[in-house]
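Here's upload-v9.txt, which has compact mmCIF, C-alpha atoms:
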# COMPACT_ATOMS: atom_id res chain seq x y z
CA MET U 1 0.00 0.00 0.00
CA ILE U 2 2.80 2.43 0.97
CA GLU U 3 6.39 1.60 0.13
CA THR U 4 9.66 3.08 1.36
CA GLU U 5 13.25 2.16 0.62
CA SER U 6 13.26 -0.60 3.26
CA LEU U 7 9.64 -1.14 4.26
CA ILE U 8 6.14 -1.84 3.04
CA LEU U 9 3.07 -0.62 4.92
CA ARG U 10 0.32 -3.06 4.05
CA ARG U 11 -2.81 -4.75 5.34
CA PHE U 12 -2.39 -7.34 8.04
CA GLN U 13 -2.52 -11.02 7.04
CA LEU U 14 -3.36 -13.99 9.25
CA ALA U 15 0.26 -15.12 8.99
CA ASP U 16 1.23 -11.98 10.98
CA ALA U 17 -0.53 -13.09 14.18
CA ALA U 18 2.38 -14.90 15.86
CA SER U 19 4.82 -12.04 15.20
CA LEU U 20 2.29 -9.48 16.44
CA ALA U 21 1.81 -11.42 19.67
CA ALA U 22 5.57 -11.84 20.14
CA TYR U 23 6.45 -8.14 20.16
CA ARG U 24 3.25 -6.95 21.82
CA ASN U 25 3.86 -9.40 24.69
CA ASN U 26 7.35 -8.04 25.30
CA PRO U 27 7.18 -6.25 28.69
CA ASP U 28 9.41 -3.41 27.46
CA ILE U 29 6.90 -2.72 24.67
CA ALA U 30 3.66 -3.38 26.56
CA ARG U 31 4.52 -1.02 29.41
CA TYR U 32 3.96 1.99 27.14
CA GLN U 33 0.84 0.75 25.37
CA ALA U 34 -2.86 0.50 26.18
CA TRP U 35 -3.54 -3.08 25.06
CA PRO U 36 -4.08 -6.03 27.38
CA SER U 37 -1.06 -8.26 27.87
CA PRO U 38 -0.38 -11.06 27.36
CA LEU U 39 -1.90 -11.37 23.92
CA THR U 40 -2.79 -15.04 23.43
CA PRO U 41 -2.28 -16.69 20.03
CA GLU U 42 -6.07 -16.84 19.61
CA ALA U 43 -6.48 -13.17 20.52
CA ALA U 44 -3.65 -12.21 18.16
CA THR U 45 -5.33 -14.10 15.31
CA GLU U 46 -8.63 -12.35 16.04
CA GLN U 47 -6.88 -8.96 16.24
CA VAL U 48 -5.16 -9.53 12.89
CA ARG U 49 -8.49 -10.60 11.35
CA LYS U 50 -10.09 -7.36 12.56
CA TYR U 51 -7.17 -5.29 11.29
CA SER U 52 -7.42 -6.92 7.86
CA GLU U 53 -11.06 -5.81 7.55
CA GLN U 54 -10.44 -2.12 8.28
CA ASP U 55 -10.65 0.50 5.53
CA PRO U 56 -7.93 3.20 5.45
CA GLU U 57 -10.20 5.54 3.50
CA LEU U 58 -12.95 5.62 6.15
CA PRO U 59 -12.95 7.53 9.44
CA GLY U 60 -11.74 5.36 12.32
CA TRP U 61 -8.66 3.29 12.97
CA PHE U 62 -6.64 1.57 10.28
CA GLN U 63 -3.73 -0.55 11.46
CA TYR U 64 -0.91 -0.98 8.93
CA ALA U 65 1.42 -3.94 9.14
CA ILE U 66 5.02 -2.80 8.70
CA GLU U 67 6.93 -5.36 6.64
CA LEU U 68 10.70 -5.45 6.16
CA LYS U 69 11.45 -5.74 2.45
CA ALA U 70 14.72 -7.59 3.11
CA ASP U 71 13.10 -10.70 4.62
CA HIS U 72 9.33 -10.03 4.43
CA SER U 73 9.03 -10.25 8.22
CA LEU U 74 6.64 -8.21 10.34
CA ALA U 75 8.61 -5.29 11.74
CA GLY U 76 5.73 -3.72 13.64
CA ASP U 77 2.47 -1.90 13.18
CA LEU U 78 1.27 1.66 12.67
CA GLY U 79 -2.24 2.82 13.48
CA VAL U 80 -3.89 5.82 11.83
CA LEU U 81 -7.10 7.20 13.32
CA LEU U 82 -8.77 9.27 10.61
CA HIS U 83 -11.19 11.75 12.17
CA ASP U 84 -14.76 12.09 10.91
CA ASN U 85 -13.85 15.38 9.22
CA ARG U 86 -11.19 13.56 7.15
CA MET U 87 -8.86 16.52 7.74
CA GLN U 88 -7.16 15.27 10.90
CA ALA U 89 -5.58 12.02 12.02
CA GLU U 90 -3.82 10.54 15.02
CA LEU U 91 -0.92 8.09 14.86
CA GLY U 92 0.32 5.31 17.09
CA GLY U 93 2.84 2.61 16.35
CA THR U 94 5.15 -0.10 17.56
CA LEU U 95 8.31 -1.73 16.23
CA ARG U 96 9.60 -5.05 17.46
CA PRO U 97 12.45 -4.48 19.94
CA ALA U 98 15.23 -5.90 17.75
CA LEU U 99 14.60 -3.05 15.28
CA HIS U 100 14.75 -0.18 17.77
CA GLY U 101 17.43 2.32 16.82
CA SER U 102 17.53 1.08 13.21
CA GLY U 103 15.98 4.18 11.63
CA TYR U 104 12.91 2.24 10.51
CA ALA U 105 10.56 4.13 12.85
CA LEU U 106 11.52 7.47 11.31
CA GLU U 107 11.28 5.98 7.81
CA VAL U 108 7.74 4.76 8.55
CA MET U 109 6.73 8.04 10.19
CA GLN U 110 7.94 10.12 7.25
CA ALA U 111 6.17 7.84 4.76
CA ILE U 112 2.82 7.95 6.54
CA LEU U 113 3.01 11.71 7.05
CA GLU U 114 3.79 12.23 3.36
CA HIS U 115 0.86 9.97 2.47
CA LEU U 116 -1.59 11.71 4.81
CA PHE U 117 -0.62 15.26 3.91
CA ASP U 118 -0.66 14.41 0.19
CA LYS U 119 -4.28 13.31 0.72
CA GLY U 120 -5.08 16.80 1.99
CA LEU U 121 -5.05 16.37 5.74
CA HIS U 122 -4.63 19.57 7.74
CA ARG U 123 -3.20 18.13 10.96
CA VAL U 124 -1.72 14.93 12.36
CA SER U 125 -1.26 14.32 16.06
CA ALA U 126 0.34 11.67 18.23
CA GLU U 127 0.89 11.00 21.90
CA CYS U 128 3.20 8.87 23.94
CA ASP U 129 3.93 7.85 27.50
CA ALA U 130 6.15 10.59 28.94
CA ARG U 131 8.66 7.94 30.11
CA ASN U 132 9.11 6.73 26.52
CA THR U 133 11.95 9.08 25.60
CA PRO U 134 12.84 7.34 22.30
CA SER U 135 9.25 7.75 21.09
CA ALA U 136 9.18 11.43 22.05
CA ARG U 137 12.50 12.00 20.23
CA LEU U 138 11.10 10.24 17.15
CA MET U 139 8.12 12.59 17.07
CA GLU U 140 10.40 15.60 17.23
CA ARG U 141 12.73 14.24 14.51
CA ALA U 142 9.68 13.66 12.31
CA GLY U 143 8.71 17.33 12.68
CA PHE U 144 6.03 17.16 15.38
CA GLN U 145 5.88 19.90 17.99
CA LEU U 146 5.38 19.08 21.65
CA GLU U 147 2.02 20.65 22.50
CA GLY U 148 1.57 19.61 26.08
CA ARG U 149 1.80 17.14 28.90
CA ARG U 150 -1.18 15.55 30.62
CA PRO U 151 -0.23 14.47 34.15
CA GLU U 152 -1.38 10.95 35.10
CA PHE U 153 -3.66 10.88 32.05
CA THR U 154 -3.29 7.27 30.93
CA ARG U 155 -3.93 4.20 33.05
CA ASN U 156 -2.08 1.02 32.12
CA ILE U 157 -4.78 -1.65 32.06
CA ASN U 158 -2.29 -4.37 32.95
CA THR U 159 -0.66 -2.74 35.98
CA GLY U 160 -3.17 -0.11 37.08
CA GLU U 161 -0.36 2.48 36.95
CA TRP U 162 -1.23 6.07 35.96
CA THR U 163 1.29 7.75 33.65
CA ASP U 164 1.83 11.18 32.12
CA THR U 165 1.09 11.56 28.41
CA LEU U 166 2.96 13.82 25.98
CA LEU U 167 0.92 15.42 23.18
CA PHE U 168 2.43 16.15 19.77
CA GLY U 169 1.01 17.86 16.69
CA LEU U 170 2.06 18.60 13.14
CA LEU U 171 0.30 20.91 10.68
CA ALA U 172 0.39 20.34 6.94
CA SER U 173 1.87 23.80 6.41
CA ARG U 174 4.79 23.02 8.75
CA TRP U 175 5.31 19.61 7.08
CA LYS U 176 5.35 21.11 3.60
CA ALA U 177 7.72 23.91 4.63
CA ARG U 178 10.01 21.39 6.29
CA ARG U 179 9.96 19.12 3.21
CA ALA U 180 10.64 22.09 0.89
CA GLY U 181 13.67 22.99 3.03
CA CYS U 182 15.04 19.44 2.61
CA ARG U 183 14.98 19.53 -1.19
Would you give me this structure, written as structure tokens?
Amino acid sequence: MIETESLILRRFQLADAASLAAYRNNPDIARYQAWPSPLTPEAATEQVRKYSEQDPELPGWFQYAIELKADHSLAGDLGVLLHDNRMQAELGGTLRPALHGSGYALEVMQAILEHLFDKGLHRVSAECDARNTPSARLMERAGFQLEGRRPEFTRNINTGEWTDTLLFGLLASRWKARRAGCR
């Protein structure tokens, strides 16, 4: 669906279920996310089935599978929540731990932003757990601006812990100006 130098963003396939469960069950990943853990093989299969039925053109969530071109493995996933007005979206994503620090997260982020802003979106936002410094740095490298911090805003459903949430936003005008400066 969307291709970069190293990655393909595509629909989920049933064959992705085991890989999805493996990285989503990693405690270092799950601690920053809002999904229940552990994700059983059956639940992962059901989740992948639901993801495969989503429509990226309709308001609501669409979860992209991120595939490595080199070996066709599942590298992670990227969710896009298209608002009802079709002018705004929110992003959320995960890469499997072995790929952290590889540059793939920025590559994916730039590709999805280019795709969304080319479709005419006005604004894209994202948020992350305030303790997740690598995720916050990724947002800033991708061009997002830190817009705020919500103290004890998110409750981890697995641990009951309340955590601060960082809010990021990026306007199409800023994205286009930034891209024009790179060329």
Can I get the residues of segment 52-97 of chain U within 12 Å of segment 149-168 of chain U, each with the closest pair of atoms and their distance in Å to one decimal, using only C-alpha atoms, sorted chain first then ascending number, as a tab-separated table?
residue	atom	partner	partner_atom	distance
U:Ala89	CA	U:Phe168	CA	11.9
U:Glu90	CA	U:Phe168	CA	9.6
U:Leu91	CA	U:Phe168	CA	10.0
U:Gly92	CA	U:Phe168	CA	11.4
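Nearest-residue note for Met87 of chain U: choosing from U:Tyr23, U:Tyr32, U:Trp175, U:Phe117, the minimum distance belongs to U:Phe117, counting all atoms listed in the file.
Our summary of the geometry notes that atom CA of Leu58 of chain U is positioned 22.8 Å from atom CA of Trp35 of chain U.
For the set U:Gly103, U:Pro56, U:Pro38, U:Gly181, the residue with the smallest atom-to-atom gap to Glu5 of chain U is U:Gly103, counting all atoms listed in the file.
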### Task
Just the residues within 10 Å of Lys69 of chain U, please, counting all atoms listed in the file, with nothing from its chain fewer than 3 positions along; format it as a ChimeraX atom specification.
/U:3-8,66,72-75
### Task
Would you please work out which residue, of U:Pro97, U:Pro27, U:Gly169, U:Gly79, is nearest to Arg123 of chain U when using only C-alpha atoms?
U:Gly169
### Task
Find the residues around Glu42 of chain U up to 10 Å (only C-alpha atoms counted), leave out those fewer than 3 positions away in its own chain, and share them as a PyMOL selection string.
chain U and resi 17-18+21+39+45-48
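Minimum atom-to-atom distance to Ser135 of chain U, evaluated using only C-alpha atoms, belongs to U:Gly101 out of U:Gly101, U:Gly120, U:Pro41, U:Gly148.
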Excluding Gln88 of chain U and its own-chain neighbours fewer than 4 positions away, which residues fall within 10 Å of it when counting all atoms listed in the file? Please give them as a compact mmCIF listing (two decimals) with C-alpha atoms, keeping the file's coordinate frame.
# COMPACT_ATOMS: atom_id res chain seq x y z
CA PRO U 59 -12.95 7.53 9.44
CA LEU U 81 -7.10 7.20 13.32
CA LEU U 82 -8.77 9.27 10.61
CA HIS U 83 -11.19 11.75 12.17
CA ASP U 84 -14.76 12.09 10.91
CA LEU U 116 -1.59 11.71 4.81
CA PHE U 117 -0.62 15.26 3.91
CA GLY U 120 -5.08 16.80 1.99
CA LEU U 121 -5.05 16.37 5.74
CA HIS U 122 -4.63 19.57 7.74
CA ARG U 123 -3.20 18.13 10.96
CA VAL U 124 -1.72 14.93 12.36
CA SER U 125 -1.26 14.32 16.06
CA LEU U 171 0.30 20.91 10.68
CA ALA U 172 0.39 20.34 6.94
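Note that atom CA of Asn26 of chain U and atom CA of Ala65 of chain U are 17.7 Å apart.
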## Note on the structure
Using only C-alpha atoms, the shortest atom-to-atom distance to Asn132 of chain U among U:Tyr64, U:Arg96, U:Arg49, U:Ala30 belongs to U:Ala30
### Residue list as a PyMOL selection string for point (7.8, 14.0, 17.7), cut-off 9 Å, all atoms listed in the file
chain U and resi 126-127+135-146+167-170
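Shell of Met1 of chain U at 9 Å, with all atoms listed in the file counted and residues fewer than 5 places along the chain excluded, is Ile8, Leu9, Arg10 and Arg11 of chain U.
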### Query
Quick one: residues within 8 Å of His115 of chain U, all atoms listed in the file counted, chain neighbours fewer than 4 positions away excluded, as a list in words?
Ile2, Ala111 and Lys119 of chain U
